[in-house]
>>> print(open('run_15.txt').read())   # compact mmCIF, C-alpha atoms
# COMPACT_ATOMS: atom_id res chain seq x y z
CA MET R 149 93.01 134.85 91.95
CA ARG R 150 91.48 131.50 92.87
CA GLN R 151 93.90 128.61 92.78
CA PHE R 152 92.95 124.97 92.39
CA LYS R 153 94.89 121.89 93.26
CA THR R 154 94.26 118.40 91.99
CA LEU R 155 93.12 115.85 94.49
CA SER R 156 95.36 112.80 94.72
CA ILE R 157 93.74 109.48 93.74
CA LYS R 158 94.81 108.03 97.07
CA LYS R 159 92.96 110.75 98.98
CA ALA R 160 89.88 110.40 96.77
CA ILE R 161 89.74 106.66 97.49
CA GLN R 162 90.27 107.29 101.19
CA SER R 163 87.37 109.71 101.33
CA SER R 164 85.16 107.42 99.25
CA LEU R 165 85.78 104.17 101.13
CA GLY R 166 86.96 105.45 104.49
CA ARG R 167 90.46 105.19 105.95
CA VAL R 168 90.23 101.60 107.22
CA LYS R 169 88.68 100.05 104.12
CA SER R 170 90.94 101.91 101.71
CA GLU R 171 94.15 100.99 103.52
CA LYS R 172 94.57 97.69 101.68
CA TYR R 173 94.76 99.49 98.34
CA PHE R 174 97.86 101.43 99.37
CA LYS R 175 100.15 98.79 100.76
CA ASP R 176 101.90 95.49 100.12
CA ILE R 177 103.79 96.50 97.01
CA GLU R 178 107.47 96.99 97.50
CA LEU R 179 108.24 99.91 95.27
CA ASN R 180 111.24 102.14 95.28
CA LEU R 181 109.48 105.47 95.67
CA HIS R 182 112.53 107.49 94.78
CA ASN R 183 113.45 105.74 91.58
CA VAL R 184 110.11 105.01 90.01
CA ASP R 185 110.06 102.77 87.00
CA LEU R 186 106.44 102.66 85.89
CA MET R 187 107.27 99.93 83.41
CA GLU R 188 108.33 97.80 86.38
CA VAL R 189 105.10 98.72 88.19
CA TYR R 190 103.10 97.65 85.14
CA ASN R 191 104.88 94.30 85.12
CA ILE R 192 104.10 93.86 88.83
CA ALA R 193 100.45 94.80 88.23
CA LEU R 194 100.03 92.19 85.48
CA SER R 195 101.85 89.55 87.46
CA LYS R 196 99.79 90.16 90.62
CA LEU R 197 96.56 90.26 88.66
CA SER R 198 97.21 86.96 86.95
CA SER R 199 97.89 85.42 90.37
CA GLY R 200 94.45 86.46 91.57
CA SER R 201 95.55 89.37 93.73
CA ILE R 202 93.42 92.16 92.35
CA VAL R 203 94.15 94.34 95.38
CA ASN R 204 97.87 94.35 94.65
CA ALA R 205 97.18 95.15 91.02
CA ILE R 206 95.00 98.08 92.14
CA ASN R 207 97.84 99.16 94.45
CA CYS R 208 100.07 99.45 91.39
CA ILE R 209 97.42 101.26 89.33
CA VAL R 210 96.70 103.82 92.06
CA PHE R 211 100.40 104.38 92.63
CA ALA R 212 101.18 104.78 88.92
CA MET R 213 98.16 106.92 88.06
CA ASP R 214 98.95 109.29 90.90
CA ILE R 215 102.31 109.89 89.23
CA ASP R 216 101.13 109.88 85.64
CA ARG R 217 97.41 110.56 85.08
CA ASP R 218 97.79 110.19 81.32
CA ASN R 219 99.37 106.77 81.34
CA LYS R 220 97.43 104.86 78.72
CA PHE R 221 98.72 101.46 79.80
CA PHE R 222 97.47 101.73 83.36
CA PHE R 223 94.26 103.38 82.19
CA SER R 224 93.66 100.60 79.73
CA LEU R 225 94.34 97.98 82.39
CA SER R 226 91.85 99.72 84.70
CA LYS R 227 89.26 99.83 81.92
CA THR R 228 89.67 96.12 81.18
CA ILE R 229 89.32 95.20 84.85
CA VAL R 230 86.30 97.49 85.29
CA VAL R 231 84.44 95.99 82.31
CA MET R 232 85.21 92.44 83.44
CA LEU R 233 84.17 93.11 87.04
CA ASP R 234 80.95 94.68 85.82
CA LYS R 235 80.25 91.63 83.66
CA GLU R 236 80.83 89.37 86.66
CA LEU R 237 78.51 91.46 88.82
CA GLU R 238 75.85 91.24 86.13
CA SER R 239 76.15 87.46 85.94
CA ASN R 240 73.13 85.27 86.70
CA LYS R 241 74.44 84.24 90.11
CA ALA R 242 75.07 87.83 91.22
CA ILE R 243 71.71 89.02 89.92
CA LYS R 244 69.92 86.17 91.72
CA MET R 245 71.62 87.14 94.98
CA LYS R 246 70.72 90.79 94.47
CA GLN R 247 67.10 89.87 93.77
CA LYS R 248 66.94 87.55 96.78
CA TYR R 249 68.07 90.19 99.23
CA SER R 250 67.22 93.36 97.25
CA ASP R 251 70.10 95.27 98.77
CA ASN R 252 73.74 95.98 97.95
CA PHE R 253 76.25 93.21 98.58
CA GLU R 254 77.96 94.98 101.46
CA ASN R 255 74.69 95.23 103.41
CA VAL R 256 73.70 91.67 102.49
CA LYS R 257 77.09 90.50 103.78
CA ASN R 258 76.43 92.13 107.15
CA THR R 259 72.88 90.75 107.31
CA ILE R 260 74.08 87.19 106.65
CA LYS R 261 76.91 87.55 109.17
CA ALA R 262 74.39 88.67 111.80
CA LYS R 263 72.14 85.70 110.94
CA ILE R 264 75.03 83.26 111.31
CA GLU R 265 75.95 84.81 114.65
CA TYR R 266 72.34 84.46 115.82
CA ILE R 267 72.23 80.81 114.72
CA GLU R 268 75.51 80.11 116.47
CA LYS R 269 74.20 81.60 119.72
CA ASN R 270 70.96 79.61 119.53
CA SER R 271 72.77 76.46 118.57
CA GLU R 272 75.13 76.91 121.52
CA SER R 273 72.27 77.31 123.94
CA VAL R 274 70.44 74.27 122.50
CA SER R 275 73.65 72.29 122.69
CA ASP R 276 74.07 73.27 126.37
CA SER R 277 70.51 72.20 127.20
CA LEU R 278 71.02 68.95 125.35
CA GLU R 279 74.23 68.22 127.19
CA LYS R 280 72.54 69.02 130.53
CA MET R 281 69.62 66.68 129.80
CA GLU R 282 71.85 63.88 128.61
CA ARG R 283 73.99 64.20 131.73
CA GLU R 284 70.88 64.23 133.94
CA LEU R 285 69.59 61.09 132.27
CA HIS R 286 72.95 59.38 132.50
CA GLU R 287 73.34 60.26 136.18
CA SER R 288 69.91 58.86 137.00
CA LYS R 289 70.92 55.50 135.60
CA PRO R 290 71.13 52.88 138.43
CA SER R 291 74.33 50.90 138.73
CA PHE R 292 75.52 48.06 140.90
CA PHE R 293 77.11 50.44 143.44
CA SER R 294 74.39 53.10 143.61
CA LEU R 295 71.80 52.23 146.18
CA SER R 296 69.89 55.48 146.08
CA LYS R 297 69.12 55.33 142.34
CA LEU R 298 66.12 53.29 141.33
CA TYR R 299 65.43 51.81 137.95
CA LEU R 300 61.86 53.07 138.04
CA THR R 301 62.93 56.69 138.59
CA HIS R 302 65.39 56.39 135.72
CA LYS R 303 62.73 54.95 133.46
CA MET R 304 60.35 57.78 134.32
CA LYS R 305 63.04 60.36 133.67
CA LYS R 306 63.92 58.70 130.41
CA GLY R 307 60.32 58.76 129.33
CA LYS R 308 60.14 62.45 130.14
CA LEU R 309 63.51 63.56 128.74
CA SER R 310 63.91 61.35 125.67
CA PRO R 311 61.38 63.14 123.42
CA ARG R 312 62.84 66.49 124.47
CA ILE R 313 66.39 65.27 123.72
CA LYS R 314 65.25 64.02 120.33
CA GLU R 315 63.64 67.38 119.60
CA LEU R 316 66.76 69.30 120.62
CA LYS R 317 68.94 67.07 118.42
CA ARG R 318 66.65 67.77 115.48
CA GLU R 319 66.83 71.48 116.24
CA LEU R 320 70.62 71.30 116.34
CA ASP R 321 70.71 69.54 112.97
CA GLU R 322 68.43 72.17 111.48
CA TYR R 323 70.66 74.96 112.81
CA GLU R 324 73.71 73.20 111.34
CA ILE R 325 72.10 72.91 107.89
CA GLU R 326 70.92 76.51 107.97
CA LYS R 327 74.38 77.70 109.04
CA GLU R 328 76.08 75.72 106.28
CA ASP R 329 73.72 77.20 103.67
CA LEU R 330 74.31 80.72 104.94
CA GLU R 331 78.08 80.23 105.04
CA GLY R 332 77.98 79.09 101.41
CA GLU R 333 75.96 82.15 100.47
CA LEU R 334 78.25 84.39 102.51
CA LYS R 335 81.26 83.13 100.56
CA ASP R 336 79.62 84.19 97.29
CA ILE R 337 78.35 87.44 98.72
CA GLU R 338 81.78 88.31 100.10
CA LYS R 339 83.25 87.70 96.67
CA PHE R 340 80.66 89.92 95.01
CA ALA R 341 80.97 92.63 97.69
CA PHE R 342 84.72 92.60 97.22
CA MET R 343 84.33 92.85 93.44
CA GLU R 344 81.85 95.70 93.89
CA GLU R 345 84.39 97.52 96.04
CA CYS R 346 87.21 96.98 93.51
CA LEU R 347 84.92 98.23 90.76
CA LYS R 348 84.15 101.32 92.82
CA VAL R 349 87.85 102.05 93.40
CA LEU R 350 88.85 101.56 89.78
CA SER R 351 85.97 103.54 88.35
CA LEU R 352 86.96 106.35 90.71
CA VAL R 353 90.52 106.14 89.38
CA MET R 354 89.19 106.32 85.81
CA GLU R 355 86.85 109.19 86.66
CA ILE R 356 89.69 111.23 88.18
CA CYS R 357 91.79 110.67 85.07
CA LEU R 358 88.98 111.39 82.64
CA PHE R 359 87.32 114.30 84.41
CA PRO R 360 89.96 115.89 86.67
CA SER R 361 87.93 119.09 87.00
CA ARG R 362 85.31 117.18 89.00
CA PHE R 363 87.93 116.63 91.68
CA ASN R 364 89.69 120.00 91.84
CA THR R 365 89.83 121.46 95.30
CA ARG R 366 90.20 125.11 96.18
CA ASN R 367 93.62 125.95 97.59
CA MET T 86 133.11 117.76 101.43
CA SER T 87 131.57 120.32 103.77
CA GLU T 88 128.24 119.83 101.99
CA LYS T 89 128.40 116.13 102.81
CA LYS T 90 129.16 117.01 106.44
CA ASP T 91 126.17 119.33 106.50
CA VAL T 92 123.90 116.63 105.16
CA ASP T 93 125.28 114.12 107.69
CA LEU T 94 124.75 116.59 110.52
CA LYS T 95 121.21 117.32 109.33
CA ARG T 96 120.48 113.61 109.15
CA THR T 97 121.82 112.98 112.66
CA MET T 98 119.70 115.83 114.00
CA ALA T 99 116.71 114.50 112.10
CA ASP T 100 117.30 111.02 113.51
CA GLN T 101 117.40 112.45 117.03
CA LYS T 102 114.21 114.40 116.36
CA LEU T 103 112.53 111.30 114.97
CA GLU T 104 113.52 109.30 118.05
CA ALA T 105 112.02 111.97 120.30
CA ILE T 106 108.87 112.04 118.20
CA LYS T 107 108.68 108.27 118.31
CA ASP T 108 108.81 108.33 122.14
CA THR T 109 106.09 110.95 122.30
CA PHE T 110 104.11 108.90 119.80
CA ASN T 111 104.32 105.85 122.02
CA SER T 112 103.37 107.75 125.16
CA TYR T 113 100.39 109.24 123.33
CA THR T 114 99.37 105.80 122.13
CA ASP T 115 99.47 104.53 125.72
CA MET T 116 97.42 107.53 126.86
CA ASN T 117 94.95 107.00 124.07
CA VAL T 118 94.46 103.35 124.99
CA LYS T 119 94.16 104.24 128.68
CA ILE T 120 91.57 106.92 128.00
CA SER T 121 89.59 104.54 125.81
CA GLU T 122 89.65 101.96 128.60
CA ASP T 123 88.62 104.58 131.15
CA LYS T 124 85.79 105.60 128.87
CA VAL T 125 84.54 102.03 128.68
CA LYS T 126 84.72 101.78 132.48
CA GLN T 127 82.88 105.08 132.87
CA ASN T 128 80.20 103.94 130.46
CA ASN T 129 79.76 100.79 132.46
CA THR T 130 79.45 102.54 135.81
CA LYS T 131 77.78 105.86 134.96
CA LYS T 132 75.53 105.22 132.03
CA ASP T 133 73.53 108.44 132.36
CA ASN T 134 76.42 110.79 132.91
CA SER T 135 76.88 112.43 129.53
CA THR T 136 79.40 115.12 130.71
CA ASP T 137 82.01 112.47 131.45
CA ASP T 138 81.61 111.07 127.95
CA GLU T 139 82.08 114.52 126.44
CA ILE T 140 85.29 115.06 128.39
CA SER T 141 86.72 111.73 127.25
CA ASP T 142 85.76 112.42 123.66
CA SER T 143 87.43 115.80 123.67
CA GLN T 144 90.55 114.32 125.27
CA ILE T 145 90.70 111.63 122.62
CA LYS T 146 90.16 114.22 119.88
CA ALA T 147 92.96 116.38 121.29
CA ILE T 148 95.31 113.41 121.29
CA ALA T 149 94.29 112.45 117.76
CA ASN T 150 95.09 116.02 116.64
CA THR T 151 98.48 115.87 118.31
CA TYR T 152 99.04 112.55 116.58
CA ASP T 153 98.39 114.16 113.19
CA ALA T 154 100.64 117.09 114.04
CA TYR T 155 103.46 114.75 114.98
CA THR T 156 102.97 112.74 111.80
CA ASP T 157 103.32 115.96 109.80
CA ILE T 158 106.52 116.90 111.66
CA HIS T 159 107.79 113.38 111.10
CA LEU T 160 107.19 113.61 107.35
CA LYS T 161 108.53 117.16 107.06
CA THR T 162 111.74 116.22 108.89
CA ARG T 163 112.25 113.33 106.51
CA GLU T 164 111.59 115.48 103.47
CA SER T 165 113.90 118.29 104.58
CA THR T 166 116.88 116.01 105.12
CA ASP T 167 116.31 113.66 102.25
CA PRO T 168 118.42 114.82 99.31
CA ILE T 169 116.72 112.41 96.86
CA PRO T 170 114.02 114.12 94.74
CA LYS T 171 110.32 113.17 94.74
CA PRO T 172 109.04 110.74 92.08
CA LYS T 173 108.63 112.30 88.67
CA LYS T 174 106.32 111.50 85.81
CA ILE T 175 108.04 108.92 83.66
CA VAL T 176 106.81 108.16 80.18
CA PHE T 177 107.19 104.61 78.99
CA ASN T 178 105.98 102.72 76.01
CA ILE T 179 105.07 99.12 75.39
CA GLU T 180 104.68 98.11 71.79
CA SER T 181 104.24 94.41 72.29
CA MET T 182 104.46 91.56 74.78
CA ALA T 183 108.18 91.40 74.10
CA ASP T 184 108.59 94.64 76.06
CA LEU T 185 107.32 93.02 79.24
CA LYS T 186 109.58 91.19 81.68
CA PRO T 187 110.37 87.64 80.53
CA GLU T 188 108.71 86.05 83.60
CA VAL T 189 105.54 88.11 83.06
CA GLN T 190 105.57 87.22 79.35
CA GLU T 191 105.82 83.56 80.29
CA LYS T 192 102.94 83.85 82.79
CA ILE T 193 100.71 85.63 80.28
CA ARG T 194 101.58 83.18 77.52
CA ARG T 195 100.61 80.28 79.76
CA LEU T 196 97.29 81.97 80.61
CA THR T 197 96.54 82.82 76.99
CA SER T 198 97.02 79.20 76.02
CA ILE T 199 94.29 78.18 78.50
CA ILE T 200 91.72 80.76 77.41
CA SER T 201 90.10 80.11 74.05
CA GLU T 202 90.92 82.50 71.21
CA ASP T 203 87.20 83.02 70.61
CA LYS T 204 86.65 84.15 74.17
CA VAL T 205 89.59 86.58 74.02
CA ARG T 206 88.36 88.01 70.71
CA ARG T 207 84.83 88.39 72.09
CA LEU T 208 86.06 90.11 75.24
CA LEU T 209 88.35 92.39 73.25
CA LYS T 210 85.38 93.55 71.22
CA GLU T 211 83.16 93.95 74.27
CA ILE T 212 85.74 96.05 76.12
CA GLU T 213 86.43 98.12 73.03
CA THR T 214 82.78 98.86 72.31
CA GLU T 215 81.50 99.18 75.88
CA LYS T 216 79.57 102.45 75.99
CA GLU T 217 76.64 102.07 78.37
CA LEU T 218 78.88 101.37 81.35
CA PHE T 219 80.85 104.58 80.85
CA SER T 220 78.53 107.07 79.22
CA GLY T 221 75.07 105.70 79.97
CA THR T 222 72.81 107.61 82.35
CA LYS T 223 73.19 104.82 84.88
CA GLY T 224 76.86 104.40 84.04
CA LEU T 225 79.85 104.50 86.35
CA PHE T 226 80.44 108.23 86.04
CA GLY T 227 76.86 109.36 86.51
CA LYS T 228 75.07 111.65 84.11
CA LEU T 229 77.58 113.22 81.75
CA THR T 230 77.30 116.65 80.21
CA GLN T 231 77.78 117.03 76.46
CA THR T 232 81.34 118.31 77.00
CA GLU T 233 82.10 115.41 79.32
CA LYS T 234 80.77 112.96 76.74
CA GLN T 235 83.09 114.48 74.14
CA THR T 236 86.03 114.39 76.57
CA LEU T 237 85.26 110.76 77.36
CA GLU T 238 85.26 109.76 73.71
CA LYS T 239 88.44 111.70 73.02
CA ARG T 240 90.27 110.28 76.05
CA LEU T 241 89.18 106.72 75.37
CA GLU T 242 90.57 107.09 71.88
CA GLU T 243 93.84 108.57 73.20
CA PHE T 244 94.22 105.84 75.81
CA LYS T 245 94.11 103.00 73.29
CA VAL T 246 96.96 100.52 73.59
CA PRO T 247 98.30 97.86 71.19
CA ASP T 248 96.06 94.83 70.75
CA GLU T 249 98.66 92.51 72.18
CA ILE T 250 98.70 94.46 75.45
CA ASN T 251 94.91 94.37 75.63
CA ARG T 252 95.09 90.60 75.20
CA ALA T 253 97.62 90.38 78.04
CA ASN T 254 95.31 92.48 80.26
CA ILE T 255 92.36 90.24 79.41
CA ALA T 256 94.31 87.05 80.11
CA ALA T 257 95.41 88.42 83.49
CA ILE T 258 91.94 89.53 84.61
CA VAL T 259 90.20 86.37 83.38
CA SER T 260 92.67 84.28 85.37
CA CYS T 261 92.23 86.61 88.35
CA LEU T 262 88.45 86.23 88.35
CA ASP T 263 88.83 82.46 88.31
CA ASN T 264 91.17 82.45 91.29
CA ILE T 265 90.24 85.70 92.99
CA ILE T 266 91.71 86.24 96.44
CA VAL T 267 89.03 88.00 98.43
CA GLU T 268 90.62 90.39 100.88
CA ILE T 269 88.32 91.16 103.76
CA ASP T 270 89.04 93.99 106.18
>>> encode(input="run_15.txt", output="structure tokens")
Amino acid sequence: MRQFKTLSIKKAIQSSLGRVKSEKYFKDIELNLHNVDLMEVYNIALSKLSSGSIVNAINCIVFAMDIDRDNKFFFSLSKTIVVMLDKELESNKAIKMKQKYSDNFENVKNTIKAKIEYIEKNSESVSDSLEKMERELHESKPSFFSLSKLYLTHKMKKGKLSPRIKELKRELDEYEIEKEDLEGELKDIEKFAFMEECLKVLSLVMEICLFPSRFNTRN
Amino acid sequence: MSEKKDVDLKRTMADQKLEAIKDTFNSYTDMNVKISEDKVKQNNTKKDNSTDDEISDSQIKAIANTYDAYTDIHLKTRESTDPIPKPKKIVFNIESMADLKPEVQEKIRRLTSIISEDKVRRLLKEIETEKELFSGTKGLFGKLTQTEKQTLEKRLEEFKVPDEINRANIAAIVSCLDNIIVEID
């Protein structure tokens, strides 16, 4: 006779998000595993959630639902969070971002990070060139003690380097503005990507509780 | 009395085993790191030599398997000597806010006073009547069969909680979304 065993929520999340990404949803709550008081866990979940730590609240939900799949209080809490997260991800700001990049938030996050890295590299190289030119110009400046340096040579150098220095400074400013804009966008995108991930985890929890047969594994 | 002695003896033996496992663990970790470093070196020096890469990969895989095996032994040893039973399903009931811990009640009360009653009422209705998100074709659970749709409706009805608790949940999540702590890996 075929036997089936129910997949634990923890394992389902691990296989959906991967071991590294899912790790944060299984730690940080100090629970006495041998004397479980789900009422206490529910109190922790609400308290953590109201402090802004959705991950800790999910920790509690996953932990509790793995013990009691039919717990209506944790299910209801999951449902409320899921609906609210979905509303937030359907907000104007989120939709605009999605339309701008036409990709999911996780990929957009990586694209923006790569762009920032590229800008930083370019900006560094421009900054180096600028520093080099400014030093060169400064060193060519004649002083009372330097006999070998002539004012004419310095003037010629200045005439040659000054426009280039000006251009590099402008380039640096442009990079700085672009980087600031991208960092602002990244902050929003990271928030949305994080919400998307939380929504994914919680809807998986709900799905396992609602349709356990979808997750039965052969023994 | 003798039972207690037995348990103590088992625990001491388990502790010794765990120590030994821990040592092996550490030595394997060192080996793993060393092999990874060697692999990087090999890649740097012999870029076209694929056989060397395969050997390193298999070595790393073997060590990872041993790791898992040791973790299993570690857990089994703990389970076999631990006389305390595994967590059991515990049924609890909350009728109203008064059943929550006083500090949580206080927190929720403070939050509820900030959020307008209209907003809470609107959200309550939206959460209660949300259908598309759960049973729509592009919903969270994918395309549902007729049986699944019936199960969903039945379960959603069964999982209903008192209004006061729903309000507490809403207050907590609304506050969370305002001050969300984004945890990045």
>>> interface_residues(input="run_15.txt", of="chain T", to="chain R", cutoff="6 Å", atoms="only C-alpha atoms", output="ChimeraX atom specification")
/T:172,174,189,244,254,257,260-261,264-266
>>> atom_distance(input="run_15.txt", atom1="atom CA of Ala183 of chain T", atom2="atom CA of Ile250 of chain T")
10.1 Å
>>> atom_distance(input="run_15.txt", atom1="atom CA of Gln162 of chain R", atom2="atom CA of Phe211 of chain R")
13.6 Å
>>> residues_around(input="run_15.txt", residues="Ile255 of chain T", least_positions_apart="2", cutoff="8 Å", atoms="all atoms listed in the file", output="list in words")
Thr228 and Ile229 of chain R; Val205, Leu208, Leu209, Asn251, Arg252, Ala253, Ala257, Ile258 and Val259 of chain T
>>> write_last_selection(input="run_15.txt", atoms="C-alpha atoms", output="JSON list (two decimals), keeping the file's coordinate frame")
[["chain", "number", "residue", "atom", "x", "y", "z"],
["R", 228, "THR", "CA", 89.67, 96.12, 81.18],
["R", 229, "ILE", "CA", 89.32, 95.20, 84.85],
["T", 205, "VAL", "CA", 89.59, 86.58, 74.02],
["T", 208, "LEU", "CA", 86.06, 90.11, 75.24],
["T", 209, "LEU", "CA", 88.35, 92.39, 73.25],
["T", 251, "ASN", "CA", 94.91, 94.37, 75.63],
["T", 252, "ARG", "CA", 95.09, 90.60, 75.20],
["T", 253, "ALA", "CA", 97.62, 90.38, 78.04],
["T", 257, "ALA", "CA", 95.41, 88.42, 83.49],
["T", 258, "ILE", "CA", 91.94, 89.53, 84.61],
["T", 259, "VAL", "CA", 90.20, 86.37, 83.38]]
>>> atom_distance(input="run_15.txt", atom1="atom CA of Leu350 of chain R", atom2="atom CA of Lys210 of chain T")
20.5 Å
>>> closest_residue(input="run_15.txt", among="R:Lys306, R:Lys289, R:Arg167, R:Lys327", to="Ile267 of chain R", atoms="all atoms listed in the file")
R:Lys327
>>> residues_around(input="run_15.txt", residues="Ser271 of chain R", least_positions_apart="2", cutoff="10 Å", atoms="all atoms listed in the file", output="list in words")
Glu265, Tyr266, Ile267, Glu268, Lys269, Ser273, Val274, Ser275, Asp276, Ser277, Leu316, Glu319, Leu320, Asp321, Glu322, Tyr323, Glu324 and Lys327 of chain R
